[in-house]
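Structure file entry-v9.csv (CSV, C-alpha atoms) is printed below.
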chain,number,residue,atom,x,y,z
A,1,MET,CA,-21.2,-32.2,-117.8
A,2,LYS,CA,-20.1,-35.0,-115.6
A,3,GLN,CA,-17.0,-33.0,-114.8
A,4,SER,CA,-19.0,-29.9,-114.0
A,5,VAL,CA,-21.1,-32.0,-111.5
A,6,SER,CA,-18.0,-33.3,-109.8
A,7,THR,CA,-16.6,-29.8,-109.6
A,8,LEU,CA,-19.9,-28.6,-108.2
A,9,SER,CA,-19.8,-31.4,-105.5
A,10,VAL,CA,-16.2,-30.6,-104.6
A,11,LYS,CA,-17.2,-26.9,-104.3
A,12,ARG,CA,-20.2,-27.9,-102.2
A,13,ILE,CA,-18.1,-30.1,-99.9
A,14,LEU,CA,-15.6,-27.3,-99.6
A,15,PHE,CA,-18.3,-24.8,-98.8
A,16,MET,CA,-19.9,-27.1,-96.3
A,17,GLY,CA,-16.5,-27.7,-94.8
A,18,ILE,CA,-15.9,-23.9,-94.4
A,19,VAL,CA,-19.4,-23.5,-92.9
A,20,LEU,CA,-18.8,-26.4,-90.5
A,21,THR,CA,-15.4,-25.0,-89.6
A,22,LEU,CA,-16.9,-21.5,-89.0
A,23,ALA,CA,-19.8,-23.0,-87.1
A,24,MET,CA,-17.4,-25.0,-84.9
A,25,GLY,CA,-15.3,-21.9,-84.4
A,26,ALA,CA,-18.3,-19.9,-83.4
A,27,CYS,CA,-19.4,-22.6,-81.1
A,28,LYS,CA,-15.9,-22.7,-79.6
A,29,SER,CA,-15.8,-19.0,-79.0
A,30,LYS,CA,-19.2,-19.1,-77.5
A,31,LYS,CA,-18.1,-21.8,-75.2
A,32,LYS,CA,-15.1,-19.7,-74.2
A,33,ALA,CA,-17.4,-16.7,-73.5
A,34,VAL,CA,-19.6,-18.6,-71.1
A,35,GLN,CA,-16.7,-20.4,-69.4
A,36,PRO,CA,-16.8,-19.5,-65.7
A,37,ALA,CA,-14.0,-17.3,-64.4
A,38,PRO,CA,-11.2,-19.3,-62.8
A,39,ALA,CA,-11.9,-20.1,-59.2
A,40,PRO,CA,-10.3,-17.5,-57.0
A,41,ALA,CA,-7.3,-18.4,-55.0
A,42,PRO,CA,-8.4,-19.9,-51.7
A,43,VAL,CA,-8.6,-17.1,-49.1
A,44,GLU,CA,-7.8,-18.1,-45.6
A,45,GLN,CA,-10.9,-17.6,-43.7
A,46,VAL,CA,-10.5,-15.7,-40.5
A,47,VAL,CA,-13.0,-16.9,-38.1
A,48,GLU,CA,-13.4,-14.5,-35.2
A,49,GLN,CA,-13.4,-16.5,-32.1
A,50,ALA,CA,-14.8,-15.2,-28.9
A,51,PRO,CA,-12.0,-14.6,-26.3
A,52,PRO,CA,-11.8,-17.3,-23.8
A,53,PRO,CA,-13.9,-16.5,-20.7
A,54,PRO,CA,-11.7,-15.2,-17.9
A,55,PRO,CA,-11.0,-17.8,-15.2
A,56,ALA,CA,-13.6,-17.6,-12.5
A,57,ARG,CA,-12.3,-15.4,-9.7
A,58,SER,CA,-11.9,-16.9,-6.3
A,59,ALA,CA,-13.9,-15.6,-3.3
A,60,GLU,CA,-10.6,-14.4,-1.9
A,61,GLU,CA,-9.9,-12.3,-5.0
A,62,ILE,CA,-13.4,-10.8,-5.0
A,63,ALA,CA,-13.1,-10.0,-1.3
A,64,ALA,CA,-9.7,-8.4,-1.7
A,65,GLU,CA,-10.9,-6.1,-4.5
A,66,LYS,CA,-13.9,-5.0,-2.4
A,67,LEU,CA,-11.6,-4.4,0.6
A,68,GLU,CA,-9.1,-2.3,-1.4
A,69,ASN,CA,-12.0,-0.1,-2.4
A,70,SER,CA,-13.3,0.1,1.1
A,71,PHE,CA,-9.8,1.1,2.5
A,72,ASN,CA,-9.6,3.8,-0.1
A,73,ALA,CA,-13.1,5.0,0.8
A,74,VAL,CA,-12.2,5.3,4.5
A,75,ALA,CA,-8.9,7.1,3.8
A,76,THR,CA,-10.4,9.6,1.4
A,77,ALA,CA,-13.8,10.1,3.1
A,78,ALA,CA,-15.0,13.7,2.9
A,79,SER,CA,-16.3,13.7,6.4
A,80,LEU,CA,-16.0,11.9,9.7
A,81,ASN,CA,-19.5,10.5,9.3
A,82,ALA,CA,-18.7,9.1,5.8
A,83,ALA,CA,-15.6,7.5,7.2
A,84,ASP,CA,-17.5,5.9,10.1
A,85,GLN,CA,-20.1,4.6,7.7
A,86,SER,CA,-17.4,3.0,5.5
A,87,ILE,CA,-15.8,1.5,8.5
A,88,GLN,CA,-19.0,-0.1,9.7
A,89,GLN,CA,-19.7,-1.5,6.2
A,90,THR,CA,-16.1,-2.8,6.0
A,91,LEU,CA,-16.2,-4.4,9.4
A,92,SER,CA,-19.2,-6.5,8.3
A,93,MET,CA,-16.9,-8.3,5.9
A,94,PHE,CA,-14.7,-9.6,8.8
A,95,SER,CA,-15.1,-12.5,11.2
A,96,ASN,CA,-14.9,-9.9,14.0
A,97,GLN,CA,-13.4,-6.6,14.9
A,98,GLU,CA,-10.4,-8.2,16.4
A,99,THR,CA,-9.4,-10.0,13.1
A,100,PRO,CA,-5.6,-9.7,12.9
A,101,VAL,CA,-4.0,-7.5,10.3
A,102,LEU,CA,-0.3,-8.1,9.5
A,103,ILE,CA,1.7,-5.5,7.6
A,104,VAL,CA,4.8,-6.6,5.8
A,105,ILE,CA,7.3,-3.7,5.6
A,106,HIS,CA,10.1,-5.7,3.8
A,107,GLU,CA,10.8,-9.2,2.5
A,108,GLU,CA,14.2,-10.6,1.9
A,109,ASN,CA,15.2,-14.2,1.1
A,110,GLY,CA,11.8,-15.3,2.1
A,111,ILE,CA,12.0,-13.7,5.5
A,112,LYS,CA,9.2,-11.1,6.1
A,113,ASP,CA,9.7,-8.1,8.3
A,114,TYR,CA,6.4,-7.0,9.9
A,115,ASP,CA,5.1,-3.8,11.5
A,116,GLU,CA,3.5,-4.4,14.9
A,117,PRO,CA,0.4,-6.5,14.2
A,118,THR,CA,-2.9,-4.7,14.6
A,119,THR,CA,-6.7,-5.5,14.4
A,120,ILE,CA,-9.0,-4.6,11.5
A,121,LYS,CA,-10.9,-2.1,13.7
A,122,LYS,CA,-7.7,-0.3,14.7
A,123,TYR,CA,-6.4,-0.4,11.1
A,124,LEU,CA,-9.6,1.2,9.7
A,125,GLU,CA,-9.5,3.9,12.4
A,126,TYR,CA,-5.8,4.4,11.4
A,127,LEU,CA,-6.9,5.0,7.8
A,128,LYS,CA,-9.6,7.5,9.0
A,129,ASP,CA,-7.2,9.4,11.3
A,130,THR,CA,-4.2,9.6,9.0
A,131,LYS,CA,-6.1,9.8,5.7
A,132,LYS,CA,-3.4,7.7,4.0
A,133,ASN,CA,-3.6,4.3,2.5
A,134,LEU,CA,0.0,3.1,2.2
A,135,ASN,CA,-0.6,-0.7,1.9
A,136,TYR,CA,-2.1,-3.1,-0.5
A,137,ILE,CA,-3.6,-6.6,0.3
A,138,SER,CA,-1.1,-9.3,-0.3
A,139,ASP,CA,-2.9,-12.2,1.4
A,140,ILE,CA,-6.4,-12.8,2.6
A,141,ARG,CA,-8.1,-15.7,4.3
A,142,LEU,CA,-11.8,-16.4,4.6
A,143,ASP,CA,-13.6,-18.4,7.2
A,144,ALA,CA,-16.3,-21.0,6.5
A,145,ASN,CA,-18.9,-18.2,6.4
A,146,GLY,CA,-16.9,-16.3,3.8
A,147,LYS,CA,-15.8,-13.6,6.2
A,148,VAL,CA,-12.2,-12.4,6.3
A,149,SER,CA,-10.4,-14.2,9.1
A,150,GLU,CA,-6.9,-12.9,8.5
A,151,LEU,CA,-5.4,-10.2,6.4
A,152,GLU,CA,-1.8,-9.5,5.3
A,153,LEU,CA,-0.9,-6.1,3.8
A,154,ARG,CA,2.2,-4.9,2.2
A,155,ARG,CA,3.8,-1.4,1.7
A,156,LYS,CA,3.0,0.0,-1.8
B,1,MET,CA,45.5,-27.2,28.0
B,2,LYS,CA,45.7,-27.0,24.2
B,3,ASN,CA,42.2,-28.5,23.9
B,4,LYS,CA,40.8,-26.0,26.3
B,5,LEU,CA,42.3,-23.2,24.3
B,6,ILE,CA,40.8,-24.5,21.0
B,7,LEU,CA,37.4,-24.9,22.8
B,8,PHE,CA,37.6,-21.3,24.1
B,9,LEU,CA,38.6,-20.0,20.6
B,10,GLY,CA,35.7,-21.9,19.1
B,11,LEU,CA,33.2,-20.5,21.5
B,12,PHE,CA,34.5,-17.0,21.0
B,13,LEU,CA,34.2,-17.3,17.2
B,14,SER,CA,30.6,-18.7,17.5
B,15,VAL,CA,29.5,-15.8,19.7
B,16,SER,CA,31.2,-13.2,17.4
B,17,LEU,CA,29.6,-14.7,14.3
B,18,ALA,CA,26.2,-14.7,16.0
B,19,ALA,CA,26.6,-11.1,16.9
B,20,PHE,CA,27.8,-10.2,13.4
B,21,ALA,CA,24.8,-12.1,11.9
B,22,GLN,CA,22.4,-10.0,14.0
B,23,ASP,CA,24.1,-6.8,13.0
B,24,ASN,CA,24.2,-7.7,9.4
B,25,ILE,CA,21.0,-6.0,8.2
B,26,SER,CA,21.0,-5.3,4.5
B,27,PRO,CA,20.6,-1.6,3.4
B,28,ALA,CA,17.2,-2.3,2.0
B,29,ARG,CA,16.0,-3.9,5.2
B,30,LYS,CA,17.5,-1.0,7.3
B,31,GLN,CA,15.7,1.4,5.0
B,32,ALA,CA,12.4,-0.3,5.6
B,33,ILE,CA,12.9,0.0,9.4
B,34,ASP,CA,13.9,3.6,9.1
B,35,SER,CA,10.8,4.4,7.0
B,36,LEU,CA,8.6,2.5,9.5
B,37,ALA,CA,9.8,4.7,12.4
B,38,LEU,CA,9.5,7.9,10.4
B,39,GLU,CA,6.0,7.0,9.5
B,40,LYS,CA,5.1,6.5,13.2
B,41,VAL,CA,6.2,10.1,13.8
B,42,LYS,CA,4.1,11.3,10.9
B,43,ASP,CA,1.2,9.4,12.4
B,44,LEU,CA,1.8,11.2,15.7
B,45,SER,CA,1.6,14.6,14.0
B,46,LYS,CA,-1.8,13.7,12.6
B,47,TYR,CA,-3.0,12.5,16.0
B,48,ILE,CA,-1.8,15.7,17.7
B,49,ALA,CA,-3.6,17.8,15.1
B,50,ILE,CA,-6.9,15.9,15.8
B,51,ILE,CA,-6.6,16.1,19.6
B,52,GLY,CA,-5.8,19.8,19.5
B,53,SER,CA,-8.5,20.7,17.0
B,54,LYS,CA,-11.6,22.3,18.6
B,55,GLU,CA,-13.7,20.6,15.9
B,56,THR,CA,-12.9,17.2,17.3
B,57,GLN,CA,-15.6,15.6,19.5
B,58,PHE,CA,-14.6,14.7,23.0
B,59,SER,CA,-15.1,10.9,22.5
B,60,GLU,CA,-13.2,11.0,19.2
B,61,ALA,CA,-10.3,13.0,20.8
B,62,ASN,CA,-10.1,10.4,23.6
B,63,ARG,CA,-10.0,7.5,21.1
B,64,VAL,CA,-7.2,9.2,19.2
B,65,MET,CA,-5.3,9.9,22.5
B,66,ASP,CA,-5.3,6.2,23.1
B,67,ARG,CA,-3.8,5.6,19.7
B,68,ALA,CA,-1.2,8.3,20.1
B,69,GLU,CA,-0.3,7.1,23.6
B,70,GLU,CA,0.4,3.6,22.2
B,71,LEU,CA,3.1,5.1,20.0
B,72,PHE,CA,5.2,6.0,23.1
B,73,ALA,CA,7.4,4.0,25.4
B,74,PRO,CA,6.0,3.9,29.0
B,75,GLY,CA,6.9,7.0,30.9
B,76,ALA,CA,7.8,9.1,27.9
B,77,GLU,CA,7.5,12.9,28.3
B,78,MET,CA,6.6,15.7,25.9
B,79,GLY,CA,8.3,19.1,26.2
B,80,VAL,CA,6.2,22.3,26.0
B,81,SER,CA,7.6,25.8,25.5
B,82,SER,CA,6.3,29.3,24.9
B,83,ILE,CA,7.7,32.4,23.3
B,84,ASN,CA,6.6,34.2,26.5
B,85,THR,CA,8.9,32.3,28.8
B,86,ASN,CA,12.3,30.6,28.7
B,87,GLU,CA,11.0,27.7,30.7
B,88,ILE,CA,10.3,24.3,29.1
B,89,ALA,CA,7.8,22.2,30.9
B,90,TYR,CA,7.7,18.4,30.5
B,91,TYR,CA,4.6,16.3,30.9
B,92,LYS,CA,3.8,12.6,30.6
B,93,VAL,CA,2.4,12.2,27.1
B,94,ARG,CA,-1.2,11.4,28.3
B,95,ASN,CA,-1.2,14.5,30.4
B,96,TYR,CA,0.2,16.5,27.5
B,97,PHE,CA,-2.6,15.3,25.2
B,98,GLU,CA,-5.3,16.1,27.8
B,99,ARG,CA,-3.8,19.6,28.3
B,100,LEU,CA,-3.7,20.1,24.6
B,101,MET,CA,-7.3,19.1,24.2
B,102,ALA,CA,-8.3,21.6,27.0
B,103,LEU,CA,-6.5,24.6,25.6
B,104,ASN,CA,-8.5,27.8,26.1
B,105,TYR,CA,-8.8,28.8,22.4
B,106,ASP,CA,-11.7,28.7,20.0
B,107,ARG,CA,-9.5,27.5,17.2
B,108,VAL,CA,-6.3,25.5,17.4
B,109,ASN,CA,-4.2,24.5,14.4
B,110,ILE,CA,-1.1,22.4,14.8
B,111,THR,CA,1.1,21.2,12.0
B,112,TRP,CA,4.4,19.3,11.9
B,113,TYR,CA,6.8,19.7,9.0
B,114,ASP,CA,10.4,18.9,8.0
B,115,ILE,CA,10.2,15.5,9.8
B,116,GLN,CA,13.6,13.9,9.4
B,117,TYR,CA,16.3,11.9,11.1
B,118,ILE,CA,19.1,13.9,12.7
B,119,SER,CA,20.7,10.7,14.2
B,120,ASP,CA,20.3,7.5,12.3
B,121,LEU,CA,19.0,4.4,14.0
B,122,GLU,CA,22.0,2.6,15.4
B,123,ARG,CA,22.1,-0.8,17.0
B,124,GLN,CA,22.9,-0.7,20.7
B,125,PRO,CA,24.6,-3.4,22.8
B,126,ASP,CA,21.2,-4.5,24.1
B,127,GLY,CA,20.0,-5.2,20.6
B,128,ARG,CA,17.7,-2.2,20.3
B,129,TYR,CA,18.1,0.4,17.6
B,130,VAL,CA,18.1,4.0,18.8
B,131,GLY,CA,17.9,7.2,16.7
B,132,VAL,CA,16.6,10.7,16.8
B,133,ILE,CA,14.0,12.4,14.5
B,134,THR,CA,13.6,16.1,14.5
B,135,ILE,CA,10.4,17.9,13.7
B,136,TYR,CA,9.2,21.5,13.4
B,137,GLN,CA,5.8,22.3,15.0
B,138,ARG,CA,3.7,25.3,14.0
B,139,PHE,CA,1.1,26.1,16.7
B,140,GLU,CA,-1.7,28.6,16.1
B,141,GLY,CA,-4.3,29.3,18.8
B,142,THR,CA,-7.1,31.8,18.2
B,143,SER,CA,-9.6,33.1,20.8
B,144,ILE,CA,-12.5,34.9,19.1
B,145,GLU,CA,-14.0,36.6,22.2
B,146,THR,CA,-10.8,38.1,23.5
B,147,GLY,CA,-9.2,38.4,20.1
B,148,MET,CA,-6.1,36.7,21.5
B,149,ASN,CA,-3.9,35.0,19.1
B,150,TYR,CA,-0.8,33.0,19.9
B,151,ARG,CA,1.6,31.5,17.4
B,152,ASP,CA,4.9,29.9,17.7
B,153,THR,CA,7.3,27.5,15.9
B,154,THR,CA,9.0,24.8,18.0
B,155,LYS,CA,11.8,22.5,17.0
B,156,LYS,CA,11.5,19.2,18.8
B,157,ASP,CA,13.8,16.1,18.9
B,158,ILE,CA,12.1,12.7,19.4
B,159,THR,CA,14.1,9.7,20.5
B,160,ILE,CA,13.2,6.6,18.6
B,161,TYR,CA,13.6,3.0,19.9
B,162,VAL,CA,13.1,0.0,17.6
B,163,GLU,CA,13.2,-3.5,18.8
B,164,LYS,CA,12.5,-6.9,17.3
B,165,LYS,CA,9.7,-8.7,19.2
B,166,GLN,CA,7.5,-11.8,18.8
B,167,THR,CA,3.8,-12.4,19.1
B,168,GLN,CA,1.4,-15.2,18.4
B,169,ILE,CA,-1.2,-14.7,15.7
B,170,ALA,CA,-3.6,-17.6,15.0
B,171,GLY,CA,-1.1,-20.1,16.4
B,172,ARG,CA,1.8,-18.7,14.4
B,173,THR,CA,4.8,-16.9,15.8
B,174,ILE,CA,5.2,-13.5,14.1
B,175,GLU,CA,8.4,-11.5,14.5
B,176,PHE,CA,7.8,-7.8,14.1
B,177,TRP,CA,9.7,-4.5,14.5
B,178,ASP,CA,8.3,-2.6,17.5
B,179,VAL,CA,8.8,1.2,17.2
B,180,MET,CA,8.5,3.2,20.4
B,181,LEU,CA,8.8,6.9,20.7
B,182,GLY,CA,10.7,8.2,23.7
B,183,ASP,CA,10.9,11.7,25.1
B,184,VAL,CA,10.2,14.7,22.9
B,185,ARG,CA,12.6,17.4,23.8
B,186,VAL,CA,12.2,21.1,22.8
B,187,THR,CA,15.4,22.5,21.2
B,188,GLU,CA,14.2,25.8,19.8
B,189,THR,CA,11.2,28.1,20.1
B,190,SER,CA,10.5,31.1,17.9
B,191,ALA,CA,7.5,33.3,17.0
Structure translated into structure tokens:
Amino acid sequence: MKQSVSTLSVKRILFMGIVLTLAMGACKSKKKAVQPAPAPAPVEQVVEQAPPPPPARSAEEIAAEKLENSFNAVATAASLNAADQSIQQTLSMFSNQETPVLIVIHEENGIKDYDEPTTIKKYLEYLKDTKKNLNYISDIRLDANGKVSELELRRK
Amino acid sequence: MKNKLILFLGLFLSVSLAAFAQDNISPARKQAIDSLALEKVKDLSKYIAIIGSKETQFSEANRVMDRAEELFAPGAEMGVSSINTNEIAYYKVRNYFERLMALNYDRVNITWYDIQYISDLERQPDGRYVGVITIYQRFEGTSIETGMNYRDTTKKDITIYVEKKQTQIAGRTIEFWDVMLGDVRVTETSA
């Protein structure tokens, strides 16, 4: 009887051991199931940066662009009146009607070859009469009032 | 005596080198001067069309005459021909422009074409460059009342003078190429 009791306790211990083992296993698997997914590889974050603002344009650059448009408007005017209107508007950008206009026809080794210097009034009339705008603005100077005081053009 | 000879040779070489340096214009630079002169003749063709057109107002024609006259050397003459006569008349350019403006037609159309060099600009001993540009002029005059139409094509040769000059602009000395048109000679006239 004593032997059967010890056998029973051994069986009980064995059973409890199995139950404990199973319980631990279950716990372990459960733990594995709720384990968070491995952290994703760090992705390089691309932060879209706004392009740097363009450098502020100088008064000379703004005047040159406006003048280029005015020259084209005079040369391609549909009528004499339209050309004359464009001429008057353009002249208001200059110190006076006699503002010199230099036209560089060639440059070599830093030496510039010029056409005969003219005035802005004559140059605008030239654009109106010949209907051709062969030159672009290569240098422009403004006076204290922001009016064009000297203009250098160059053959396109 | 020997020293004098060396001095003379030195002077001669200096003068020769200076002359060579002036002559020595690069092809690109020469091309720019050629183009400048050719452009002046093309400008003249536009001015003549405006002056001759009956649609041009009197004041506008006079303004354009001033611009056209500035293209010419003082005293330059323009040849005028007709298919009705063998004679060629020559007028001072201002007089020619005024006669052109006053032509007795209701409609006048003048166009220049085939504008090109027949004699390249060549440097002369006086430092000027001289060349000849030829043009073809198509003239069409129409009179509505009389129904009179006149048309001709004239070949004309224009002598070109180019000279380097200086001027003062805002206190700076500017060297520029002065292009002057000389006489315009009629060489052919056809219907």
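We find CA of Ile160 in chain B and CA of Ala37 in chain B to be spaced 7.3 Å apart.
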Counting only C-alpha atoms, which residues of chain A come no farther than 12 Å from chain B, as number ranges by chain? A: 79-81, 84, 98-109, 111-119, 122-123, 125-132, 134, 141, 149-152, 154-156
May I ask which of the residues B:Tyr161, B:Phe139, B:Tyr91, B:Tyr129 is the closest one to Thr189 in chain B, counting all atoms listed in the file? B:Phe139
What is the CA of Lys66 in chain A to CA of Asn145 in chain A distance in Å?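 Interatomic distance, CA of Lys66 in chain A to CA of Asn145 in chain A: 16.6 Å.
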Straight-line distance linking CA of Arg172 in chain B with CA of Ile120 in chain A, stated in Å to one decimal: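 Rounded to one decimal, the two atoms are 18.0 Å apart.
The nearest approach to Arg185 in chain B among the residues B:Gly79, B:Pro74, B:Pro27, B:Gly52, with all atoms listed in the file taken into account, belongs to B:Gly79.
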